[in-house]
>>> print(open('start-v8.pdb').read())   # PDB, C-alpha atoms
ATOM      1  CA  MET Q   1      38.076 107.805 157.744  1.00  0.00           C
ATOM      2  CA  LYS Q   2      38.011 105.408 160.650  1.00  0.00           C
ATOM      3  CA  HIS Q   3      40.650 102.800 161.129  1.00  0.00           C
ATOM      4  CA  PRO Q   4      39.187  99.340 160.326  1.00  0.00           C
ATOM      5  CA  SER Q   5      40.180  97.870 163.695  1.00  0.00           C
ATOM      6  CA  MET Q   6      38.371 100.595 165.683  1.00  0.00           C
ATOM      7  CA  GLU Q   7      35.057  99.484 167.111  1.00  0.00           C
ATOM      8  CA  THR Q   8      32.065 101.718 166.586  1.00  0.00           C
ATOM      9  CA  LYS Q   9      30.012 102.755 169.595  1.00  0.00           C
ATOM     10  CA  PRO Q  10      26.504 101.311 169.808  1.00  0.00           C
ATOM     11  CA  ASP Q  11      23.550 103.572 169.105  1.00  0.00           C
ATOM     12  CA  THR Q  12      21.319 104.426 172.054  1.00  0.00           C
ATOM     13  CA  LYS Q  13      18.877 101.587 171.304  1.00  0.00           C
ATOM     14  CA  GLU Q  14      21.681  99.027 171.392  1.00  0.00           C
ATOM     15  CA  ALA Q  15      23.202 100.660 174.484  1.00  0.00           C
ATOM     16  CA  MET Q  16      19.837 100.423 176.291  1.00  0.00           C
ATOM     17  CA  ARG Q  17      19.418  96.780 175.244  1.00  0.00           C
ATOM     18  CA  ASN Q  18      22.926  96.004 176.531  1.00  0.00           C
ATOM     19  CA  LEU Q  19      22.240  97.787 179.825  1.00  0.00           C
ATOM     20  CA  ILE Q  20      18.950  95.918 180.308  1.00  0.00           C
ATOM     21  CA  LYS Q  21      20.717  92.617 179.603  1.00  0.00           C
ATOM     22  CA  ASP Q  22      23.485  93.436 182.099  1.00  0.00           C
ATOM     23  CA  ILE Q  23      20.968  94.439 184.774  1.00  0.00           C
ATOM     24  CA  ARG Q  24      18.950  91.257 184.278  1.00  0.00           C
ATOM     25  CA  LEU Q  25      22.154  89.213 184.635  1.00  0.00           C
ATOM     26  CA  GLY Q  26      23.349  91.095 187.732  1.00  0.00           C
ATOM     27  CA  ILE Q  27      20.147  91.299 189.767  1.00  0.00           C
ATOM     28  CA  PRO Q  28      18.684  88.045 191.170  1.00  0.00           C
ATOM     29  CA  PHE Q  29      15.078  88.594 190.022  1.00  0.00           C
ATOM     30  CA  ASP Q  30      14.285  84.888 190.493  1.00  0.00           C
ATOM     31  CA  THR Q  31      15.091  84.877 194.229  1.00  0.00           C
ATOM     32  CA  PRO Q  32      12.215  83.334 196.220  1.00  0.00           C
ATOM     33  CA  VAL Q  33      10.253  85.728 198.457  1.00  0.00           C
ATOM     34  CA  ALA Q  34      11.251  83.681 201.529  1.00  0.00           C
ATOM     35  CA  GLU Q  35      14.904  84.566 200.867  1.00  0.00           C
ATOM     36  CA  LEU Q  36      14.130  88.202 200.050  1.00  0.00           C
ATOM     37  CA  CYS Q  37      12.296  88.761 203.318  1.00  0.00           C
ATOM     38  CA  ASN Q  38      14.620  86.901 205.657  1.00  0.00           C
ATOM     39  CA  GLY Q  39      16.051  89.056 208.426  1.00  0.00           C
ATOM     40  CA  PRO Q  40      16.632  92.781 208.812  1.00  0.00           C
ATOM     41  CA  CYS Q  41      16.650  94.878 205.647  1.00  0.00           C
ATOM     42  CA  THR Q  42      17.792  98.277 204.487  1.00  0.00           C
ATOM     43  CA  GLY Q  43      14.958  99.012 202.077  1.00  0.00           C
ATOM     44  CA  CYS Q  44      12.529  96.350 200.911  1.00  0.00           C
ATOM     45  CA  SER Q  45      14.423  94.136 198.469  1.00  0.00           C
ATOM     46  CA  LYS Q  46      11.252  92.666 196.985  1.00  0.00           C
ATOM     47  CA  LYS Q  47       9.687  96.058 196.288  1.00  0.00           C
ATOM     48  CA  LEU Q  48      12.935  97.419 194.855  1.00  0.00           C
ATOM     49  CA  MET Q  49      13.360  94.431 192.536  1.00  0.00           C
ATOM     50  CA  ASP Q  50       9.689  94.604 191.494  1.00  0.00           C
ATOM     51  CA  TYR Q  51      10.141  98.306 190.707  1.00  0.00           C
ATOM     52  CA  LEU Q  52      13.321  97.667 188.701  1.00  0.00           C
ATOM     53  CA  ASP Q  53      11.687  94.794 186.811  1.00  0.00           C
ATOM     54  CA  MET Q  54       8.761  97.092 185.877  1.00  0.00           C
ATOM     55  CA  GLU Q  55      11.223  99.751 184.701  1.00  0.00           C
ATOM     56  CA  LEU Q  56      13.059  97.208 182.548  1.00  0.00           C
ATOM     57  CA  GLU Q  57       9.812  95.917 181.055  1.00  0.00           C
ATOM     58  CA  GLU Q  58       8.749  99.485 180.250  1.00  0.00           C
ATOM     59  CA  LYS Q  59      12.087 100.245 178.566  1.00  0.00           C
ATOM     60  CA  GLU Q  60      11.901  96.986 176.599  1.00  0.00           C
ATOM     61  CA  ALA Q  61       8.366  97.835 175.420  1.00  0.00           C
ATOM     62  CA  LEU Q  62       9.502 101.306 174.326  1.00  0.00           C
ATOM     63  CA  LEU Q  63      12.421  99.805 172.392  1.00  0.00           C
ATOM     64  CA  THR Q  64      10.067  97.309 170.722  1.00  0.00           C
ATOM     65  CA  ALA Q  65       7.805 100.213 169.732  1.00  0.00           C
ATOM     66  CA  GLY Q  66      10.769 101.908 168.035  1.00  0.00           C
ATOM     67  CA  HIS Q  67      11.617 104.513 170.698  1.00  0.00           C
ATOM     68  CA  SER Q  68      15.197 105.790 170.618  1.00  0.00           C
ATOM     69  CA  PRO Q  69      16.252 106.438 174.215  1.00  0.00           C
ATOM     70  CA  THR Q  70      18.296 109.475 175.120  1.00  0.00           C
ATOM     71  CA  LEU Q  71      21.614 109.220 176.913  1.00  0.00           C
ATOM     72  CA  GLY Q  72      19.839 110.714 179.928  1.00  0.00           C
ATOM     73  CA  GLU Q  73      17.299 107.852 179.979  1.00  0.00           C
ATOM     74  CA  ILE Q  74      20.106 105.298 179.791  1.00  0.00           C
ATOM     75  CA  ASN Q  75      22.019 107.051 182.570  1.00  0.00           C
ATOM     76  CA  ARG Q  76      18.940 107.271 184.836  1.00  0.00           C
ATOM     77  CA  LEU Q  77      18.241 103.551 184.424  1.00  0.00           C
ATOM     78  CA  LYS Q  78      21.874 102.757 185.199  1.00  0.00           C
ATOM     79  CA  LYS Q  79      21.835 104.942 188.342  1.00  0.00           C
ATOM     80  CA  THR Q  80      18.607 103.303 189.528  1.00  0.00           C
ATOM     81  CA  ALA Q  81      20.023  99.823 188.976  1.00  0.00           C
ATOM     82  CA  VAL Q  82      23.285 100.689 190.769  1.00  0.00           C
ATOM     83  CA  LYS Q  83      21.400 102.041 193.793  1.00  0.00           C
ATOM     84  CA  ILE Q  84      19.147  98.984 193.974  1.00  0.00           C
ATOM     85  CA  HIS Q  85      22.161  96.698 193.533  1.00  0.00           C
ATOM     86  CA  SER Q  86      23.899  98.354 196.489  1.00  0.00           C
ATOM     87  CA  VAL Q  87      20.817  97.831 198.698  1.00  0.00           C
ATOM     88  CA  LEU Q  88      20.698  94.162 197.668  1.00  0.00           C
ATOM     89  CA  VAL Q  89      24.390  93.847 198.609  1.00  0.00           C
ATOM     90  CA  GLN Q  90      23.671  95.453 202.006  1.00  0.00           C
ATOM     91  CA  ASN Q  91      20.796  93.019 202.515  1.00  0.00           C
ATOM     92  CA  GLY Q  92      23.056  90.053 201.710  1.00  0.00           C
ATOM     93  CA  LEU Q  93      21.261  88.985 198.526  1.00  0.00           C
ATOM     94  CA  ILE Q  94      24.237  89.731 196.269  1.00  0.00           C
ATOM     95  CA  GLY Q  95      27.882  89.208 197.157  1.00  0.00           C
ATOM     96  CA  THR Q  96      30.260  92.138 196.955  1.00  0.00           C
ATOM     97  CA  THR Q  97      32.747  92.286 194.099  1.00  0.00           C
ATOM     98  CA  ASP Q  98      35.473  91.313 196.590  1.00  0.00           C
ATOM     99  CA  GLU Q  99      33.719  87.986 197.236  1.00  0.00           C
ATOM    100  CA  ARG Q 100      33.481  86.984 193.593  1.00  0.00           C
TER     101      ARG Q 100
END
>>> encode(input="start-v8.pdb", output="C-alpha cells")
Amino acid sequence: MKHPSMETKPDTKEAMRNLIKDIRLGIPFDTPVAELCNGPCTGCSKKLMDYLDMELEEKEALLTAGHSPTLGEINRLKKTAVKIHSVLVQNGLIGTTDER
C-alpha cells in the first residue's frame, strides 16, 4: 500500500501533455520573423521552430485521438526540444539559464 502523501507518477498521456505545455512555454513561438532572421545563425531558427510546432501539433492530435504515447516517444520529443532550444540560445533568441 502506498503512503497517502506520496505522489503518483503521471501516465504517459499526462506526461506528454505536460511536456508539450513546458515546451510551448519555453520556446518563443510568437517571435516575429524579423527577429528570427536578424544576423548570423547556427541553424535556421524559423525552420526549427516551425518543425517543433508541427511536431507538437501532431502529438496533440494523437493524444486527442486517444493514442497512449510510449516513453520512447516522450523522450524523443524532449531531446528534439532540447536541441532546438540550445540552437535558439546560440542564436540569441532565448537567454541562458544564467541570465534568468
>>> resolve_selection(input="start-v8.pdb", expression="the PyMOL selection byres ((chain Q and resi 29-43) around 7)", output="compact mmCIF listing (two decimals) with C-alpha atoms, keeping the file's coordinate frame")
# COMPACT_ATOMS: atom_id res chain seq x y z
CA ILE Q 27 20.15 91.30 189.77
CA PRO Q 28 18.68 88.04 191.17
CA CYS Q 44 12.53 96.35 200.91
CA SER Q 45 14.42 94.14 198.47
CA LYS Q 46 11.25 92.67 196.98
CA MET Q 49 13.36 94.43 192.54
CA VAL Q 87 20.82 97.83 198.70
CA GLN Q 90 23.67 95.45 202.01
CA ASN Q 91 20.80 93.02 202.52
>>> resolve_selection(input="start-v8.pdb", expression="the PyMOL selection byres ((chain Q and resi 15-25) around 10)", output="PyMOL selection string")
chain Q and resi 9-14+26-29+52-53+55-57+59-60+63+68-71+73-75+77-78+81-82+85
>>> atom_distance(input="start-v8.pdb", atom1="CA of Thr80 (chain Q)", atom2="CA of Thr64 (chain Q)")
21.5 Å
>>> axis_aligned_box(input="start-v8.pdb", around="region 19-30 of chain Q", padding_each_side="6 Å", output="AutoDock Vina command-line options")
--center_x 18.9 --center_y 91.3 --center_z 185.4 --size_x 21.2 --size_y 24.9 --size_z 23.6
>>> atom_distance(input="start-v8.pdb", atom1="CA of Thr8 (chain Q)", atom2="CA of Ala61 (chain Q)")
25.6 Å
>>> atom_distance(input="start-v8.pdb", atom1="CA of Asp50 (chain Q)", atom2="CA of His67 (chain Q)")
23.1 Å
>>> decode(input="start-v8.pdb", residues="region 15-78 of chain Q", atoms="C-alpha atoms", output="short mmCIF file (atom, residue, chain, number, x, y, z; two decimals), in the first residue's frame")
data_model
loop_
_atom_site.label_atom_id
_atom_site.label_comp_id
_atom_site.auth_asym_id
_atom_site.auth_seq_id
_atom_site.Cartn_x
_atom_site.Cartn_y
_atom_site.Cartn_z
CA ALA Q 15 3.44 13.18 -19.16
CA MET Q 16 3.23 14.04 -22.88
CA ARG Q 17 0.69 16.80 -22.21
CA ASN Q 18 2.97 18.24 -19.50
CA LEU Q 19 6.00 18.09 -21.80
CA ILE Q 20 4.10 19.82 -24.63
CA LYS Q 21 2.97 22.53 -22.21
CA ASP Q 22 6.53 23.05 -20.94
CA ILE Q 23 7.91 23.24 -24.48
CA ARG Q 24 5.27 25.76 -25.54
CA LEU Q 25 6.15 27.90 -22.50
CA GLY Q 26 9.92 27.66 -23.06
CA ILE Q 27 10.15 28.24 -26.81
CA PRO Q 28 9.23 31.70 -28.17
CA PHE Q 29 6.92 30.53 -30.98
CA ASP Q 30 5.38 34.01 -31.27
CA THR Q 31 8.68 35.73 -32.14
CA PRO Q 32 8.30 37.87 -35.29
CA VAL Q 33 10.17 36.64 -38.38
CA ALA Q 34 12.18 39.89 -38.46
CA GLU Q 35 13.69 38.98 -35.07
CA LEU Q 36 14.22 35.33 -36.02
CA CYS Q 37 16.19 36.21 -39.13
CA ASN Q 38 18.31 39.03 -37.74
CA GLY Q 39 22.04 38.41 -38.00
CA PRO Q 40 24.16 35.29 -38.27
CA CYS Q 41 22.56 32.00 -37.26
CA THR Q 42 23.59 28.50 -36.31
CA GLY Q 43 20.72 26.63 -37.93
CA CYS Q 44 17.58 28.36 -39.16
CA SER Q 45 15.59 29.34 -36.07
CA LYS Q 46 12.37 29.83 -38.02
CA LYS Q 47 12.54 26.42 -39.68
CA LEU Q 48 13.45 24.72 -36.41
CA MET Q 49 10.57 26.36 -34.55
CA ASP Q 50 8.16 25.57 -37.40
CA TYR Q 51 9.29 21.93 -37.28
CA LEU Q 52 8.89 21.75 -33.49
CA ASP Q 53 5.46 23.39 -33.67
CA MET Q 54 4.36 20.78 -36.26
CA GLU Q 55 5.66 18.00 -34.01
CA LEU Q 56 3.74 19.39 -31.04
CA GLU Q 57 0.55 19.72 -33.08
CA GLU Q 58 0.93 16.13 -34.28
CA LYS Q 59 1.44 14.85 -30.72
CA GLU Q 60 -1.56 16.87 -29.51
CA ALA Q 61 -3.73 15.42 -32.29
CA LEU Q 62 -2.63 11.88 -31.40
CA LEU Q 63 -3.45 12.49 -27.73
CA THR Q 64 -6.88 13.86 -28.70
CA ALA Q 65 -7.47 10.72 -30.77
CA GLY Q 66 -6.75 8.58 -27.70
CA HIS Q 67 -3.18 7.49 -28.50
CA SER Q 68 -1.08 6.49 -25.49
CA PRO Q 69 2.50 7.57 -26.19
CA THR Q 70 5.41 5.36 -25.26
CA LEU Q 71 8.21 6.55 -23.02
CA GLY Q 72 10.41 6.48 -26.13
CA GLU Q 73 8.10 8.94 -27.94
CA ILE Q 74 8.15 11.27 -24.94
CA ASN Q 75 11.94 11.04 -24.70
CA ARG Q 76 12.42 11.71 -28.44
CA LEU Q 77 10.22 14.82 -28.27
CA LYS Q 78 12.14 16.05 -25.24
#
